[in-house]
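Enquirer: What follows is target_25.cif, mmCIF, C-alpha atoms.
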```cif
data_final
#
loop_
_atom_site.label_atom_id
_atom_site.label_comp_id
_atom_site.auth_asym_id
_atom_site.auth_seq_id
_atom_site.Cartn_x
_atom_site.Cartn_y
_atom_site.Cartn_z
CA MET A 1 0.00 0.00 0.00
CA PRO A 2 1.71 3.23 -1.10
CA PRO A 3 1.47 6.18 1.31
CA ALA A 4 -0.78 8.12 -1.10
CA ALA A 5 -3.32 5.27 -1.39
CA PRO A 6 -6.82 5.88 -0.01
CA ALA A 7 -6.38 2.93 2.39
CA TYR A 8 -3.27 4.56 3.86
CA LEU A 9 -5.06 7.87 4.34
CA ARG A 10 -7.91 5.99 6.10
CA LEU A 11 -5.27 4.49 8.40
CA VAL A 12 -3.91 7.98 9.17
CA ARG A 13 -7.44 9.20 9.92
CA THR A 14 -8.20 6.12 12.06
CA SER A 15 -5.04 6.65 14.10
CA GLY A 16 -6.17 10.25 14.59
CA TRP A 17 -9.57 9.12 15.89
CA TYR A 18 -7.90 6.58 18.19
CA ASP A 19 -5.61 9.26 19.63
CA LEU A 20 -8.45 11.74 20.04
CA ILE A 21 -10.56 9.22 21.95
CA VAL A 22 -7.71 7.92 24.10
CA THR A 23 -5.98 11.21 24.90
CA ALA A 24 -8.84 13.70 25.24
CA GLY A 25 -9.05 12.81 28.92
CA PHE A 26 -5.44 13.86 29.44
CA ALA A 27 -6.01 17.40 28.18
CA THR A 28 -7.41 19.05 31.34
CA PRO A 29 -6.65 18.66 35.05
CA TRP A 30 -10.25 17.64 35.79
CA THR A 31 -10.56 15.02 33.10
CA TYR A 32 -7.09 13.69 33.87
CA ALA A 33 -7.96 13.21 37.55
CA LEU A 34 -11.00 11.14 36.50
CA LEU A 35 -9.01 9.22 33.87
CA HIS A 36 -6.19 8.58 36.36
CA HIS A 37 -8.74 7.11 38.79
CA LEU A 38 -10.31 4.95 36.05
CA LEU A 39 -6.94 3.68 34.80
CA SER A 40 -5.88 2.82 38.35
CA ALA A 41 -9.14 1.05 39.13
CA GLY A 42 -9.15 -0.79 35.80
CA GLY A 43 -5.50 -1.79 36.08
CA ASP A 44 -6.06 -3.03 39.62
CA ALA A 45 -9.16 -4.98 38.59
CA VAL A 46 -7.36 -6.90 35.84
CA GLY A 47 -4.10 -7.35 37.73
CA LEU A 48 -2.01 -4.76 35.85
CA GLY A 49 -1.40 -2.59 38.90
CA THR A 50 -2.38 0.96 39.71
CA MET A 51 -1.12 4.30 38.54
CA PRO A 52 1.32 6.21 40.77
CA ALA A 53 -0.19 8.79 43.12
CA LEU A 54 -1.47 11.86 41.33
CA THR A 55 0.82 14.90 41.67
CA PRO A 56 0.63 18.44 40.26
CA MET A 57 3.69 17.84 38.03
CA GLN A 58 2.32 14.55 36.70
CA THR A 59 -0.94 16.34 35.94
CA LEU A 60 0.91 19.17 34.18
CA TYR A 61 2.84 16.77 31.93
CA ALA A 62 -0.29 14.73 31.21
CA ASN A 63 -2.17 17.93 30.28
CA LEU A 64 0.65 19.16 28.03
CA MET A 65 0.85 15.81 26.25
CA GLY A 66 -2.93 15.54 26.02
CA SER A 67 -3.35 19.04 24.61
CA VAL A 68 -0.73 18.55 21.90
CA VAL A 69 -1.99 15.09 20.94
CA VAL A 70 -5.60 16.31 20.74
CA VAL A 71 -4.60 19.08 18.31
CA TRP A 72 -2.43 16.66 16.28
CA SER A 73 -5.32 14.15 16.24
CA VAL A 74 -7.81 16.68 14.92
CA LEU A 75 -5.41 17.59 12.10
CA ARG A 76 -5.16 13.93 11.02
CA VAL A 77 -8.93 13.42 11.27
CA VAL A 78 -9.78 16.57 9.30
CA ARG A 79 -6.92 16.46 6.79
CA PRO A 80 -5.08 13.14 6.58
CA LEU A 81 -2.02 13.39 4.38
CA PRO A 82 0.76 10.89 3.65
CA LEU A 83 3.24 13.15 5.46
CA HIS A 84 1.00 13.08 8.55
CA GLY A 85 1.22 9.28 8.54
CA LEU A 86 5.02 9.38 8.30
CA LEU A 87 5.29 11.89 11.14
CA ASP A 88 2.72 10.10 13.27
CA GLY A 89 4.47 6.77 12.74
CA THR A 90 7.74 8.38 13.83
CA ALA A 91 6.10 9.91 16.91
CA ARG A 92 4.57 6.53 17.78
CA ALA A 93 8.00 4.90 17.53
CA LEU A 94 9.26 7.45 20.06
CA PHE A 95 6.21 7.01 22.32
CA SER A 96 6.73 3.24 22.17
CA LEU A 97 10.36 3.62 23.19
CA TRP A 98 9.47 5.79 26.17
CA GLN A 99 6.65 3.50 27.26
CA ALA A 100 9.00 0.50 27.05
CA TYR A 101 11.57 2.48 29.03
CA ALA A 102 8.99 3.25 31.72
CA LEU A 103 7.92 -0.40 31.88
CA ALA A 104 11.55 -1.55 32.13
CA HIS A 105 12.03 0.83 35.06
CA GLY A 106 9.04 -0.21 37.13
CA GLY A 107 6.22 1.67 35.37
CA PRO A 108 2.71 0.29 35.86
CA ALA A 109 1.79 -2.70 33.70
CA VAL A 110 -1.36 -0.83 32.67
CA LEU A 111 0.97 0.72 30.03
CA TRP A 112 1.22 -2.58 28.12
CA PRO A 113 -2.03 -2.28 26.13
CA PHE A 114 -1.10 1.28 25.15
CA LEU A 115 2.39 0.18 24.10
CA VAL A 116 0.98 -2.59 21.91
CA LEU A 117 -1.39 -0.19 20.13
CA GLU A 118 1.29 2.52 19.75
CA ALA A 119 3.70 0.05 18.19
CA ALA A 120 1.04 -1.42 15.89
CA PHE A 121 -0.13 1.97 14.59
CA GLY A 122 3.49 3.10 14.25
CA LEU A 123 4.57 0.06 12.25
CA THR A 124 1.55 0.13 9.96
CA GLN A 125 2.07 3.83 9.20
CA LEU A 126 5.83 3.53 8.67
CA ALA A 127 5.91 0.28 6.67
CA PRO A 128 4.71 1.80 3.36
CA TRP A 129 7.49 4.37 3.59
CA ALA A 130 10.10 1.60 3.57
CA GLY A 131 8.82 0.68 0.10
CA VAL A 132 9.09 4.31 -1.02
CA ARG A 133 12.66 4.44 0.27
CA ALA A 134 13.59 1.17 -1.47
CA ALA A 135 12.09 2.38 -4.77
CA THR A 136 13.95 5.69 -4.48
CA VAL A 137 17.25 3.91 -3.86
CA ARG A 138 16.64 1.51 -6.79
CA GLY A 139 15.71 4.42 -9.05
CA ALA A 140 18.82 6.37 -8.08
CA GLY A 141 21.01 3.34 -8.75
CA GLN A 142 19.57 2.87 -12.25
CA GLY A 143 20.22 6.49 -13.17
CA SER A 144 23.98 6.16 -12.66
#
```
Step by step, read the file and then write its structure as C-alpha cells.

Expert:
Amino acid sequence: MPPAAPAYLRLVRTSGWYDLIVTAGFATPWTYALLHHLLSAGGDAVGLGTMPALTPMQTLYANLMGSVVVVWSVLRVVRPLPLHGLLDGTARALFSLWQAYALAHGGPAVLWPFLVLEAAFGLTQLAPWAGVRAATVRGAGQGS
C-alpha cells in the first residue's frame, strides 16, 4: 500500500480518531484526575497494577501531552495526508520507546495495552514508507 493510497489515508485518519478518543481525557486537570482514577481502578481490577499517586507535576505533563496530541489528532482526522502518517508513525516509535523504558524501570503494567497499540499503529504507518525508500534507492542506482 503506497502512502498516497486511499487505504493509507484511512489508516492515518483512524489513528487520529484513536488518539483523540484515548488522549482527550489527558487534556485538562479535571478530566485527567478522572481518567487517572479509572486507569488505576481498571488496572487493579485486571491485575495490571495501579497508577502512581497523582501529583501536580504529573498532571501538568499529562495535560501538556494531552493538549498537543488532541490538536495533532484533529489535524489527522480533518486532513489526513501521507506526510501526517510518516510523522505520526515516527512519533509513535518514540512514544513506544518511552513507554517501554517506563515499563523496564518499574512503570505500571497498565501501560502494556497502550504500548501494543502505539507500536502497531506506528509500524503500519511507517511500513509503506520503507517501500518508497527502497524504490527511491533503486531508481537512483539505475540512473547512474

Enquirer: Measure the distance from CA of Leu11 in chain A to CA of Thr124 in chain A in Å and round it to one decimal.

Expert: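 Taking CA of Leu11 in chain A and CA of Thr124 in chain A, their separation equals 8.2 Å.
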
Enquirer: Leaving out range 50-54 of chain A and any residue of its chain fewer than 5 positions from it, which residues lie within 9 Å of it when counting only C-alpha atoms, given as a ChimeraX atom specification?

Expert: /A:33,36-37,39-44,59,107-110

Enquirer: Which residue out of A:Leu35, A:Ala4, A:Leu9, A:Val70 has the minimum interatomic distance to Ile21 in chain A when all atoms listed in the file are used?

Expert: A:Val70

Enquirer: Applying 9 Å and only C-alpha atoms, which residues near Thr23 in chain A remain after dropping the ones on its own chain fewer than 2 positions away? List them as an MDAnalysis selection string.

Expert: chainID A and resid 18:21 25:27 65:67 69:70

Enquirer: CA of Pro128 in chain A to CA of Leu103 in chain A: how many Å, to one decimal?

Expert: 28.8 Å

Enquirer: Provide the CA of Ala45 in chain A to CA of Phe121 in chain A distance in Å, to one decimal place.

Expert: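 CA of Ala45 in chain A sits 26.6 Å away from CA of Phe121 in chain A.
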
Enquirer: For Ala91 in chain A, list every protein, DNA or RNA residue within 9 Å, evaluated using all atoms listed in the file, and leave out those in the same chain fewer than 5 positions away; present the list as a PyMOL selection string.

Expert: chain A and resi 86+96+122

Enquirer: Hey, can you spit out that residue selection with C-alpha atoms as a compact mmCIF listing (two decimals), keeping the file's coordinate frame?

Expert:
```
# COMPACT_ATOMS: atom_id res chain seq x y z
CA LEU A 86 5.02 9.38 8.30
CA SER A 96 6.73 3.24 22.17
CA GLY A 122 3.49 3.10 14.25
```

Enquirer: I need the residue nearest Gln99 in chain A from this list: A:Val46, A:Val68, A:Leu117, A:Leu87. Use all atoms listed in the file for the distance.

Expert: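 Counting all atoms listed in the file, the residue closest to Gln99 in chain A is A:Leu117.
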
Enquirer: Taking all atoms of range 7-18 of chain A that the file lists, what box with edges along x, y and z, padded by 6 Å per side, do you get, with centre and edge lengths in Å to one decimal, as AutoDock Vina command-line options?

Expert:
```
--center_x -6.4 --center_y 6.6 --center_z 10.3 --size_x 18.3 --size_y 19.3 --size_z 27.8
```

Enquirer: Could you tell me which of A:Thr14, A:Asn63, A:Gln58, A:Gln142 comes closest to Arg76 in chain A if we count all atoms listed in the file?

Expert: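 Nearest to Arg76 in chain A: A:Thr14.
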
Enquirer: Got a sec to resolve the PyMOL selection byres ((chain A and resi 84) around 12) on this structure and send the residues as a VMD selection string?

Expert: chain A and resid 3 to 4 8 to 13 15 to 16 72 to 83 85 to 92 122 125 to 126 129

Enquirer: With only C-alpha atoms as the basis for distance, which of A:Phe95, A:Tyr32, A:Tyr61, A:Trp17 is at the shortest distance from Leu111 in chain A?

Expert: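 Looking only at the distances to Leu111 in chain A, the closest residue turns out to be A:Phe95.
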